[in-house]
There are 2 protein chains.
Amino acid sequence: MARESDKDFVKDITRMEDDFAQWYTDVIKKTDLVDYSPVKGFMVIKPYGYALWENIQAFLDRRFKETGHQNCYFPLLIPESLLNKEKEHVEGFAPEVAWVTHGGSEELAERLCVRPTSETIICSMYAKWLNSYRDLPYLYNQWCSVVRWEKATRPFLRTSEFLWQEGHTLHETMEQAQEETLQMLGIYQEMAEDLLAIPMVAGRKSDREKFAGAEATYTIEALMHDGKALQSGTSHNLAQHFTKAFDITYQGRNNVLEYPYHTSWGASTRLIGGVIMVHGDNRGLVLPPRLAPIQVVIVPIAQKKAGVLEHARGIEAELKALGLRVKLDDDDSNSPGWKFNEYEMKGVPIRIEVGPRDIENGVVIAVRRDTHEKASLEREGLGSVIAALLDTIHGDMLERARKNRDEKTYTIDNYETFKTVMAETPGFVKTMWCGDMACEEKVKAETGVTIRCIPFEQEQLGDTCPFCGKPAKHMVYMAKAY
Amino acid sequence: MARESDKDFVKDITRMEDDFAQWYTDVIKKTDLVDYSPVKGFMVIKPYGYALWENIQAFLDRRFKETGHQNCYFPLLIPESLLNKEKEHVEGFAPEVAWVTHGGSEELAERLCVRPTSETIICSMYAKWLNSYRDLPYLYNQWCSVVRWEKATRPFLRTSEFLWQEGHTLHETMEQAQEETLQMLGIYQEMAEDLLAIPMVAGRKSDREKFAGAEATYTIEALMHDGKALQSGTSHNLAQHFTKAFDITYQGRNNVLEYPYHTSWGASTRLIGGVIMVHGDNRGLVLPPRLAPIQVVIVPIAQKKAGVLEHARGIEAELKALGLRVKLDDDDSNSPGWKFNEYEMKGVPIRIEVGPRDIENGVVIAVRRDTHEKASLEREGLGSVIAALLDTIHGDMLERARKNRDEKTYTIDNYETFKTVMAETPGFVKTMWCGDMACEEKVKAETGVTIRCIPFEQEQLGDTCPFCGKPAKHMVYMAKAY
């Protein structure tokens, strides 16, 4: 197999080894995923980027419904007095909300914030609705956009507005709330692995890193190509923090008024940033097959020769009939070589080339985006071979991402090595930790590294905290993070 | 067939003959479609209401994609300077927008409005993106919420925030823009008839009623039970009004810089209000089968008797396997009679009752929500009979709505009769009109009646305008409207 070197592609996309941030920016712009808008920190999600979000939505929405959740919609604007009801919550969010002060030409009596998240407005409604234990559980979700006024923004990863879903549930017992919290984290992890081909570390956030107002926050964390972590989905057990603040009560089984237990959980367009930074390469995007808006692109060779386009259309029809997302690019104003580059950059998992000689030989050429492997495939029975190849690519991408992550995951038991590794070959660090917030904050201040999670899969790596020498309490994953 | 009279239901729902507005409010509250939120004029869409919107979305989204459109997402907030660029547009919308003035603790240098519609922000991006005639057409749509500060609001019909989709397209020629405008209106009409079972009058808005900034607005209009019209979807040919204001140009086929032609079109949660007011009755909702979140409810009779629940579950499984949306209500804390009332109120198209005697006889009892007709159906082959019955109900509901509308549609050729009809038996009035805005405004001021549209299907009803006596130019549909 003879292929051009990566060098030929570098004219458009900065090499990630040279400048990872610029590589990221080049990729998202060149592949038409997003654009910057006239409002600082707000992005436009273009059709190719939005199609990724639609596929994530479809997966999650199906799983939410299979687990008994229903969608609904709560107002975009939240009165300031509601936001103020839960103390930790308002402290966490007030500094980053956008305030509406005027409706039409009139000044409002009370300021309204554009929702940064909807616990408060939703709790105000739950307080009104809930009567009896028979009404529980409440299993509701909404798809919407939220606004958080950010100073430094990067498309998908941190923007002043982003699209997400937020689930908000109520339960009779703490155990049920905990079960829900972990179930939804599990669905995020399943989506990340089965759809995005991204392996995740799952665990609990430290108290410093948890959601403002939560009893406990659980997270899935992925490792990017540059060794930084991306928090990719969070699920919060809010216990009775909000239900007491909002006076949500119900008649319990013993005829006593009770406060329900409460969860919330969210995943956002940020996941798309993760897909780019886990799978992408110096030629551009590499999309996992189940997420890709175009799974197979067919490029006819010498398409003006008799029979070529008809043959290509036959392949297109066969693949479409199998439910695959296929594009036949028959635009004759671009050369096949231009198309090869274009769809490689756009991360289309499989390219099929077919020309007069291939037709004669009863074959097509199939090229994998992830490995650049080229194979000659029999035209007869092509559909099922391509469908199977897409699954193979998914599995290989997940394994490759896992291997990359594991190679950048270090077990460390002293602070000096920790600093050296983080400065020179950043990645996940597995280490013991004393459990003190002061220790955690000192490490962050000195190195910029945070505890990503206390993983569910604990390992006994030692007895002392390498940062302060006190007895160790947990094994943690640490990293610099987006 | 012996059934309770409507009277038995009136304890919860005001009779529409007594107070139509109160009937509407009772229905939407009692059936858990929506609730009022703590923010004046903003509604919460509850799961049963949101499921209606999801079905509308699914229908439209499929048709948009089949006609070559792609989804994308543009920012929620629009800088004031952008809103001001198109003169008629800002005059139309500025009085009803919400203004964001602060981000976090800082006052913004420029106010941002929460989008009331997105022509301006989208045009600012199109100006940046469009280069050549080869890029055209642009066929984009977004699903989002918009905010319009309203003084008097009613759930679904007029709220300060609502959910909708807005399509925004660019074309090389005025003819193509016109074709797109009418194609999308046609898709709205198709959705209204095929999904909502609501017949529509389609036509062009008068200049007074058109969208702020449009060359021409096209609309579909439905007639409600109370004789008032509901504008149910609009499609605008914006010609070059915005593309010139935003300096959107491209290299044309003759190498000359050209301004493209532009359309936009939208449909919203308001449609749900139309479904309620066209099909509902004094027992509550009557949902058209293809829209209904639950198409068939199965109510077991004497469900504690051996075999009843198993039998009911067998029916549930058979109907679900056909792709029908089925609910088996086996909650034994409610009586069958309570359930009959509940699902009638909620508008479920078919109720199946099955008890020990029915099982013995190899039958089930099926009751239609729309006609209250009760039939004994063979258990054997039930699935296909129920599927066919749902289609029959759809057709019957559409025809009944058409008959209701036609009975309330009056052909009128003098102003006195017009006033009498509108005061006593309101509905659609078909009449001739001179085409002058002054005449139209005088009628509105004197009677509250507006021109709903100049229908595509013109009839020659006379030679003079009944309002001013001048020569008639068009046949129009007029009505009081929501």
# chains A, B, ... in the order shown; residues from 1 in each chain; ligands from 1
>>> select_by_dssp(residues="region 93-196 of chain A", states="alpha helix (DSSP H)", output="tab-separated table (two decimals) with C-alpha atoms, in the first residue's frame")
chain	number	residue	atom	x	y	z
A	93	PHE	CA	-23.34	29.74	39.35
A	119	GLU	CA	-32.33	22.61	39.19
A	120	THR	CA	-33.92	25.72	40.68
A	121	ILE	CA	-36.74	26.32	38.22
A	122	ILE	CA	-37.50	22.60	38.07
A	123	CYS	CA	-37.56	22.27	41.86
A	124	SER	CA	-39.99	25.17	42.08
A	125	MET	CA	-42.36	23.15	39.85
A	126	TYR	CA	-41.77	19.83	41.58
A	127	ALA	CA	-42.76	21.53	44.85
A	128	LYS	CA	-46.07	22.39	43.24
A	129	TRP	CA	-46.69	18.99	41.65
A	174	MET	CA	-31.47	7.84	49.25
A	175	GLU	CA	-30.71	4.34	47.96
A	176	GLN	CA	-33.02	4.82	44.97
A	177	ALA	CA	-31.47	8.21	44.22
A	178	GLN	CA	-28.02	6.68	44.39
A	179	GLU	CA	-29.07	3.85	42.11
A	180	GLU	CA	-30.46	6.34	39.58
A	181	THR	CA	-27.33	8.49	39.79
A	182	LEU	CA	-25.12	5.52	38.97
A	183	GLN	CA	-27.49	4.10	36.35
A	184	MET	CA	-27.36	7.35	34.37
A	185	LEU	CA	-23.58	7.58	34.67
A	186	GLY	CA	-23.55	4.03	33.33
A	187	ILE	CA	-25.61	5.10	30.33
A	188	TYR	CA	-23.14	7.90	29.61
A	189	GLN	CA	-20.28	5.44	29.79
A	190	GLU	CA	-22.11	2.99	27.54
A	191	MET	CA	-22.76	5.79	25.02
A	192	ALA	CA	-19.11	6.89	25.14
A	193	GLU	CA	-17.85	3.39	24.47
A	194	ASP	CA	-20.54	2.04	22.12
>>> select_by_dssp(residues="region 177-285 of chain A", states="strand (DSSP E)", output="MDAnalysis selection string")
chainID A and resid 201:204 216:223 229:239 250:251 257:258 261:268
>>> write_last_selection(atoms="N, CA and C atoms", output="compact mmCIF listing (two decimals), in the first residue's frame")
# COMPACT_ATOMS: atom_id res chain seq x y z
N VAL A 201 -12.85 6.54 32.34
CA VAL A 201 -12.65 6.19 33.74
C VAL A 201 -13.85 6.76 34.49
N ALA A 202 -14.52 5.91 35.25
CA ALA A 202 -15.72 6.35 35.97
C ALA A 202 -15.44 6.39 37.46
N GLY A 203 -15.98 7.40 38.11
CA GLY A 203 -15.79 7.47 39.56
C GLY A 203 -16.49 8.67 40.15
N ARG A 204 -16.14 8.96 41.40
CA ARG A 204 -16.76 10.05 42.13
C ARG A 204 -15.83 11.25 42.12
N ALA A 216 -23.07 14.31 46.19
CA ALA A 216 -21.95 13.64 45.52
C ALA A 216 -22.13 13.76 44.01
N THR A 217 -21.01 13.97 43.31
CA THR A 217 -21.03 14.02 41.85
C THR A 217 -20.21 12.86 41.30
N TYR A 218 -20.77 12.18 40.31
CA TYR A 218 -20.05 11.10 39.64
C TYR A 218 -19.74 11.54 38.21
N THR A 219 -18.65 11.03 37.68
CA THR A 219 -18.17 11.56 36.41
C THR A 219 -17.59 10.45 35.55
N ILE A 220 -17.59 10.66 34.24
CA ILE A 220 -16.76 9.84 33.36
C ILE A 220 -15.71 10.77 32.76
N GLU A 221 -14.47 10.29 32.73
CA GLU A 221 -13.34 11.12 32.32
C GLU A 221 -12.58 10.41 31.20
N ALA A 222 -12.29 11.17 30.16
CA ALA A 222 -11.54 10.62 29.03
C ALA A 222 -10.19 11.32 28.93
N LEU A 223 -9.24 10.65 28.31
CA LEU A 223 -7.92 11.25 28.13
C LEU A 223 -7.73 11.62 26.66
N ALA A 229 -7.22 15.65 30.44
CA ALA A 229 -8.47 14.93 30.66
C ALA A 229 -9.65 15.79 30.23
N LEU A 230 -10.73 15.11 29.83
CA LEU A 230 -11.98 15.80 29.52
C LEU A 230 -13.11 15.17 30.33
N GLN A 231 -13.68 15.96 31.22
CA GLN A 231 -14.88 15.52 31.94
C GLN A 231 -15.99 15.40 30.90
N SER A 232 -16.62 14.23 30.78
CA SER A 232 -17.45 13.95 29.61
C SER A 232 -18.92 13.72 29.92
N GLY A 233 -19.26 13.70 31.19
CA GLY A 233 -20.65 13.50 31.58
C GLY A 233 -20.67 13.41 33.10
N THR A 234 -21.64 14.05 33.73
CA THR A 234 -21.68 13.98 35.20
C THR A 234 -23.09 13.65 35.65
N SER A 235 -23.16 12.98 36.79
CA SER A 235 -24.43 12.57 37.38
C SER A 235 -24.34 12.87 38.87
N HIS A 236 -25.33 13.61 39.37
CA HIS A 236 -25.25 14.11 40.74
C HIS A 236 -26.31 13.50 41.64
N ASN A 237 -25.89 13.02 42.79
CA ASN A 237 -26.85 12.70 43.83
C ASN A 237 -27.00 13.96 44.68
N LEU A 238 -28.16 14.61 44.56
CA LEU A 238 -28.36 15.89 45.25
C LEU A 238 -29.00 15.69 46.61
N ALA A 239 -29.27 14.44 46.96
CA ALA A 239 -29.86 14.09 48.27
C ALA A 239 -31.07 15.00 48.52
N TYR A 250 -43.88 15.38 50.25
CA TYR A 250 -44.96 14.47 49.84
C TYR A 250 -45.41 13.66 51.04
N GLN A 251 -46.63 13.18 50.92
CA GLN A 251 -47.19 12.29 51.92
C GLN A 251 -46.52 10.93 51.77
N LEU A 257 -45.14 13.67 56.34
CA LEU A 257 -44.63 14.49 55.25
C LEU A 257 -43.12 14.25 55.09
N GLU A 258 -42.70 13.93 53.87
CA GLU A 258 -41.28 13.60 53.64
C GLU A 258 -40.70 14.51 52.56
N TYR A 261 -35.63 12.41 47.64
CA TYR A 261 -34.22 12.47 47.25
C TYR A 261 -34.15 12.74 45.76
N HIS A 262 -33.08 13.35 45.35
CA HIS A 262 -33.07 14.10 44.10
C HIS A 262 -31.76 13.81 43.34
N THR A 263 -31.87 13.65 42.04
CA THR A 263 -30.65 13.52 41.22
C THR A 263 -30.74 14.47 40.02
N SER A 264 -29.59 14.79 39.47
CA SER A 264 -29.57 15.43 38.15
C SER A 264 -28.34 14.94 37.41
N TRP A 265 -28.41 14.99 36.08
CA TRP A 265 -27.31 14.42 35.27
C TRP A 265 -27.35 15.05 33.90
N GLY A 266 -26.16 15.30 33.35
CA GLY A 266 -26.10 16.00 32.07
C GLY A 266 -24.93 15.59 31.21
N ALA A 267 -25.16 15.66 29.90
CA ALA A 267 -24.09 15.47 28.92
C ALA A 267 -24.32 16.49 27.82
N SER A 268 -23.26 16.95 27.21
CA SER A 268 -23.37 18.11 26.33
C SER A 268 -22.58 17.96 25.03
>>> closest_atom_pairs(of="chain A", to="chain B", cutoff="8 Å", atoms="only C-alpha atoms", output="CSV")
residue,atom,partner,partner_atom,distance
A:Ser37,CA,B:Met125,CA,7.2
A:Pro38,CA,B:Pro79,CA,7.7
A:Val39,CA,B:Pro79,CA,6.9
A:Phe42,CA,B:Pro75,CA,6.1
A:Met43,CA,B:Pro75,CA,6.5
A:Val44,CA,B:Phe74,CA,4.8
A:Ile45,CA,B:Tyr73,CA,4.9
A:Lys46,CA,B:Cys72,CA,5.1
A:Pro47,CA,B:Cys72,CA,4.8
A:Gly49,CA,B:Cys72,CA,7.8
A:Tyr50,CA,B:Cys72,CA,5.3
A:Ala51,CA,B:Asn71,CA,7.3
A:Gln70,CA,B:Pro47,CA,5.9
A:Asn71,CA,B:Pro47,CA,5.6
A:Cys72,CA,B:Pro47,CA,4.8
A:Tyr73,CA,B:Ile45,CA,5.0
A:Phe74,CA,B:Val44,CA,4.8
A:Pro75,CA,B:Phe42,CA,6.1
A:Leu76,CA,B:Glu161,CA,7.8
A:Leu77,CA,B:Val39,CA,7.4
A:Ile78,CA,B:Val39,CA,7.1
A:Pro79,CA,B:Val39,CA,6.9
A:Ala94,CA,B:Gly104,CA,6.5
A:Pro95,CA,B:Gly104,CA,4.6
A:Glu96,CA,B:Gly104,CA,4.5
A:Val97,CA,B:Gly104,CA,4.9
A:Ala98,CA,B:Gly103,CA,4.3
A:Trp99,CA,B:His102,CA,5.2
A:Val100,CA,B:Val100,CA,4.2
A:Thr101,CA,B:Trp99,CA,6.2
A:His102,CA,B:Trp99,CA,5.2
A:Gly103,CA,B:Ala98,CA,4.3
A:Gly104,CA,B:Glu96,CA,4.5
A:Ser105,CA,B:Pro95,CA,6.3
A:Ile121,CA,B:Pro38,CA,7.9
A:Ser124,CA,B:Pro38,CA,7.8
A:Met125,CA,B:Ser37,CA,7.2
A:Tyr140,CA,B:Pro47,CA,7.8
A:Cys144,CA,B:Cys144,CA,7.7
A:Trp149,CA,B:Gly103,CA,5.9
A:Glu161,CA,B:Pro75,CA,7.4
>>> residues_around(residues="Met437 (chain A)", least_positions_apart="4", cutoff="10 Å", atoms="only C-alpha atoms", output="ChimeraX atom specification")
/A:206-209,441-443
>>> write_last_selection(atoms="N, CA and C atoms", output="PDB file, in the first residue's frame")
ATOM      1  N   SER A 206     -14.109  14.554  43.824  1.00  0.00           N
ATOM      2  CA  SER A 206     -13.771  15.020  45.175  1.00  0.00           C
ATOM      3  C   SER A 206     -14.751  16.127  45.557  1.00  0.00           C
ATOM      4  N   ASP A 207     -14.851  16.436  46.838  1.00  0.00           N
ATOM      5  CA  ASP A 207     -15.792  17.472  47.262  1.00  0.00           C
ATOM      6  C   ASP A 207     -15.481  18.813  46.606  1.00  0.00           C
ATOM      7  N   ARG A 208     -14.195  19.073  46.386  1.00  0.00           N
ATOM      8  CA  ARG A 208     -13.805  20.334  45.744  1.00  0.00           C
ATOM      9  C   ARG A 208     -14.353  20.432  44.321  1.00  0.00           C
ATOM     10  N   GLU A 209     -14.435  19.313  43.647  1.00  0.00           N
ATOM     11  CA  GLU A 209     -14.787  19.327  42.220  1.00  0.00           C
ATOM     12  C   GLU A 209     -16.263  19.027  41.977  1.00  0.00           C
ATOM     13  N   GLU A 441      -5.911  21.276  46.989  1.00  0.00           N
ATOM     14  CA  GLU A 441      -5.799  22.656  46.493  1.00  0.00           C
ATOM     15  C   GLU A 441      -4.353  23.096  46.345  1.00  0.00           C
ATOM     16  N   LYS A 442      -3.517  22.633  47.246  1.00  0.00           N
ATOM     17  CA  LYS A 442      -2.094  22.955  47.178  1.00  0.00           C
ATOM     18  C   LYS A 442      -1.501  22.377  45.888  1.00  0.00           C
ATOM     19  N   VAL A 443      -1.825  21.118  45.590  1.00  0.00           N
ATOM     20  CA  VAL A 443      -1.304  20.486  44.369  1.00  0.00           C
ATOM     21  C   VAL A 443      -1.806  21.233  43.137  1.00  0.00           C
TER      22      VAL A 443
END
>>> atom_distance(atom1="CA of Phe467 (chain B)", atom2="CA of Cys439 (chain B)")
6.9 Å
>>> closest_residue(among="B:Asp358, B:Glu399, B:Asp247, B:Glu166", to="Val308 (chain B)", atoms="only C-alpha atoms")
B:Asp358
>>> closest_residue(among="A:Pro426, A:Gly435, A:Gly92, A:Gly273", to="Arg154 (chain A)", atoms="only C-alpha atoms")
A:Gly273
>>> residues_around(residues="Tyr133 (chain A)", least_positions_apart="4", cutoff="12 Å", atoms="only C-alpha atoms", output="ChimeraX atom specification")
/A:129,137-138,170-173,249-261
>>> residues_around(residues="region 361-368 of chain B", least_positions_apart="3", cutoff="10 Å", atoms="only C-alpha atoms", output="PyMOL selection string")
chain B and resi 286+296-299+312+315+340+344+347-358+371-380+382+386+389-390+393
>>> write_last_selection(atoms="N, CA and C atoms", output="mmCIF file, in the first residue's frame")
data_model
loop_
_atom_site.group_PDB
_atom_site.id
_atom_site.type_symbol
_atom_site.label_atom_id
_atom_site.label_comp_id
_atom_site.auth_asym_id
_atom_site.auth_seq_id
_atom_site.Cartn_x
_atom_site.Cartn_y
_atom_site.Cartn_z
ATOM 1 N N VAL B 286 -59.210 15.042 22.488
ATOM 2 C CA VAL B 286 -59.409 13.962 21.527
ATOM 3 C C VAL B 286 -58.188 14.012 20.613
ATOM 4 N N VAL B 296 -53.373 3.340 22.104
ATOM 5 C CA VAL B 296 -54.327 2.346 22.606
ATOM 6 C C VAL B 296 -54.049 2.136 24.093
ATOM 7 N N VAL B 297 -55.087 2.257 24.912
ATOM 8 C CA VAL B 297 -54.922 1.906 26.317
ATOM 9 C C VAL B 297 -55.714 0.628 26.581
ATOM 10 N N ILE B 298 -55.099 -0.290 27.292
ATOM 11 C CA ILE B 298 -55.774 -1.545 27.633
ATOM 12 C C ILE B 298 -56.147 -1.502 29.106
ATOM 13 N N VAL B 299 -57.434 -1.633 29.381
ATOM 14 C CA VAL B 299 -57.917 -1.621 30.762
ATOM 15 C C VAL B 299 -58.443 -3.014 31.108
ATOM 16 N N ALA B 312 -54.187 -9.749 28.989
ATOM 17 C CA ALA B 312 -54.016 -8.337 28.619
ATOM 18 C C ALA B 312 -52.582 -8.086 28.145
ATOM 19 N N ILE B 315 -52.143 -9.123 24.590
ATOM 20 C CA ILE B 315 -52.658 -8.115 23.642
ATOM 21 C C ILE B 315 -51.667 -6.966 23.516
ATOM 22 N N PHE B 340 -61.425 4.605 32.699
ATOM 23 C CA PHE B 340 -62.167 5.004 31.494
ATOM 24 C C PHE B 340 -62.199 6.528 31.389
ATOM 25 N N GLU B 344 -60.162 8.836 28.596
ATOM 26 C CA GLU B 344 -61.016 9.650 27.716
ATOM 27 C C GLU B 344 -60.581 11.102 27.803
ATOM 28 N N GLY B 347 -57.612 11.802 25.928
ATOM 29 C CA GLY B 347 -57.761 11.759 24.476
ATOM 30 C C GLY B 347 -57.194 10.540 23.795
ATOM 31 N N VAL B 348 -56.956 9.451 24.532
ATOM 32 C CA VAL B 348 -56.388 8.239 23.919
ATOM 33 C C VAL B 348 -57.372 7.695 22.878
ATOM 34 N N PRO B 349 -56.943 7.514 21.630
ATOM 35 C CA PRO B 349 -57.873 7.193 20.536
ATOM 36 C C PRO B 349 -58.688 5.921 20.733
ATOM 37 N N ILE B 350 -58.067 4.855 21.249
ATOM 38 C CA ILE B 350 -58.809 3.606 21.430
ATOM 39 C C ILE B 350 -58.588 3.059 22.834
ATOM 40 N N ARG B 351 -59.677 2.671 23.477
ATOM 41 C CA ARG B 351 -59.579 1.945 24.740
ATOM 42 C C ARG B 351 -60.012 0.506 24.500
ATOM 43 N N ILE B 352 -59.204 -0.415 24.984
ATOM 44 C CA ILE B 352 -59.579 -1.826 24.926
ATOM 45 C C ILE B 352 -59.895 -2.286 26.337
ATOM 46 N N GLU B 353 -61.088 -2.879 26.515
ATOM 47 C CA GLU B 353 -61.459 -3.453 27.804
ATOM 48 C C GLU B 353 -61.442 -4.970 27.642
ATOM 49 N N VAL B 354 -60.879 -5.633 28.611
ATOM 50 C CA VAL B 354 -60.893 -7.090 28.525
ATOM 51 C C VAL B 354 -61.014 -7.702 29.923
ATOM 52 N N GLY B 355 -62.059 -8.522 30.113
ATOM 53 C CA GLY B 355 -62.297 -9.174 31.394
ATOM 54 C C GLY B 355 -62.515 -10.666 31.201
ATOM 55 N N PRO B 356 -62.806 -11.385 32.283
ATOM 56 C CA PRO B 356 -62.950 -12.846 32.213
ATOM 57 C C PRO B 356 -63.963 -13.302 31.166
ATOM 58 N N ARG B 357 -65.116 -12.599 31.082
ATOM 59 C CA ARG B 357 -66.139 -13.048 30.148
ATOM 60 C C ARG B 357 -65.682 -12.862 28.697
ATOM 61 N N ASP B 358 -64.999 -11.727 28.456
ATOM 62 C CA ASP B 358 -64.483 -11.484 27.105
ATOM 63 C C ASP B 358 -63.474 -12.553 26.718
ATOM 64 N N THR B 371 -65.761 8.983 18.726
ATOM 65 C CA THR B 371 -67.213 8.818 18.537
ATOM 66 C C THR B 371 -67.880 8.142 19.725
ATOM 67 N N HIS B 372 -67.092 7.632 20.675
ATOM 68 C CA HIS B 372 -67.582 6.832 21.808
ATOM 69 C C HIS B 372 -68.195 5.509 21.341
ATOM 70 N N GLU B 373 -68.020 5.150 20.091
ATOM 71 C CA GLU B 373 -68.550 3.868 19.600
ATOM 72 C C GLU B 373 -67.837 2.705 20.261
ATOM 73 N N LYS B 374 -68.620 1.719 20.585
ATOM 74 C CA LYS B 374 -68.123 0.557 21.298
ATOM 75 C C LYS B 374 -68.328 -0.644 20.381
ATOM 76 N N ALA B 375 -67.298 -1.494 20.257
ATOM 77 C CA ALA B 375 -67.442 -2.672 19.400
ATOM 78 C C ALA B 375 -66.809 -3.864 20.081
ATOM 79 N N SER B 376 -67.388 -5.035 19.824
ATOM 80 C CA SER B 376 -66.799 -6.263 20.308
ATOM 81 C C SER B 376 -65.960 -6.818 19.160
ATOM 82 N N LEU B 377 -64.662 -7.015 19.410
ATOM 83 C CA LEU B 377 -63.756 -7.460 18.346
ATOM 84 C C LEU B 377 -63.196 -8.827 18.685
ATOM 85 N N GLU B 378 -63.049 -9.667 17.659
ATOM 86 C CA GLU B 378 -62.415 -10.978 17.844
ATOM 87 C C GLU B 378 -60.989 -10.788 18.362
ATOM 88 N N ARG B 379 -60.623 -11.568 19.375
ATOM 89 C CA ARG B 379 -59.235 -11.519 19.856
ATOM 90 C C ARG B 379 -58.273 -11.972 18.763
ATOM 91 N N GLU B 380 -58.697 -12.989 18.039
ATOM 92 C CA GLU B 380 -57.915 -13.510 16.923
ATOM 93 C C GLU B 380 -57.763 -12.416 15.854
ATOM 94 N N LEU B 382 -56.572 -9.429 16.242
ATOM 95 C CA LEU B 382 -56.917 -8.105 16.779
ATOM 96 C C LEU B 382 -55.956 -7.006 16.304
ATOM 97 N N ILE B 386 -57.026 -3.316 14.927
ATOM 98 C CA ILE B 386 -56.768 -2.080 15.686
ATOM 99 C C ILE B 386 -55.944 -1.101 14.853
ATOM 100 N N LEU B 389 -58.213 0.419 12.452
ATOM 101 C CA LEU B 389 -59.165 1.311 13.116
ATOM 102 C C LEU B 389 -58.508 2.665 13.422
ATOM 103 N N LEU B 390 -57.232 2.649 13.797
ATOM 104 C CA LEU B 390 -56.539 3.912 14.057
ATOM 105 C C LEU B 390 -56.519 4.773 12.799
ATOM 106 N N ILE B 393 -59.970 6.190 12.269
ATOM 107 C CA ILE B 393 -60.215 7.313 13.188
ATOM 108 C C ILE B 393 -59.545 8.578 12.673
#
>>> atom_distance(atom1="CA of Asp331 (chain B)", atom2="CA of Leu319 (chain B)")
19.7 Å
>>> closest_residue(among="A:Val429, A:Met345, A:Ala197, A:Cys453", to="Arg283 (chain A)", atoms="only C-alpha atoms")
A:Met345
>>> atom_distance(atom1="CA of Asp281 (chain A)", atom2="CA of Arg15 (chain A)")
8.3 Å
>>> residues_around(residues="Glu88 (chain B)", least_positions_apart="3", cutoff="10 Å", atoms="only C-alpha atoms", output="PyMOL selection string")
chain B and resi 84-85+91-93+211-214+241
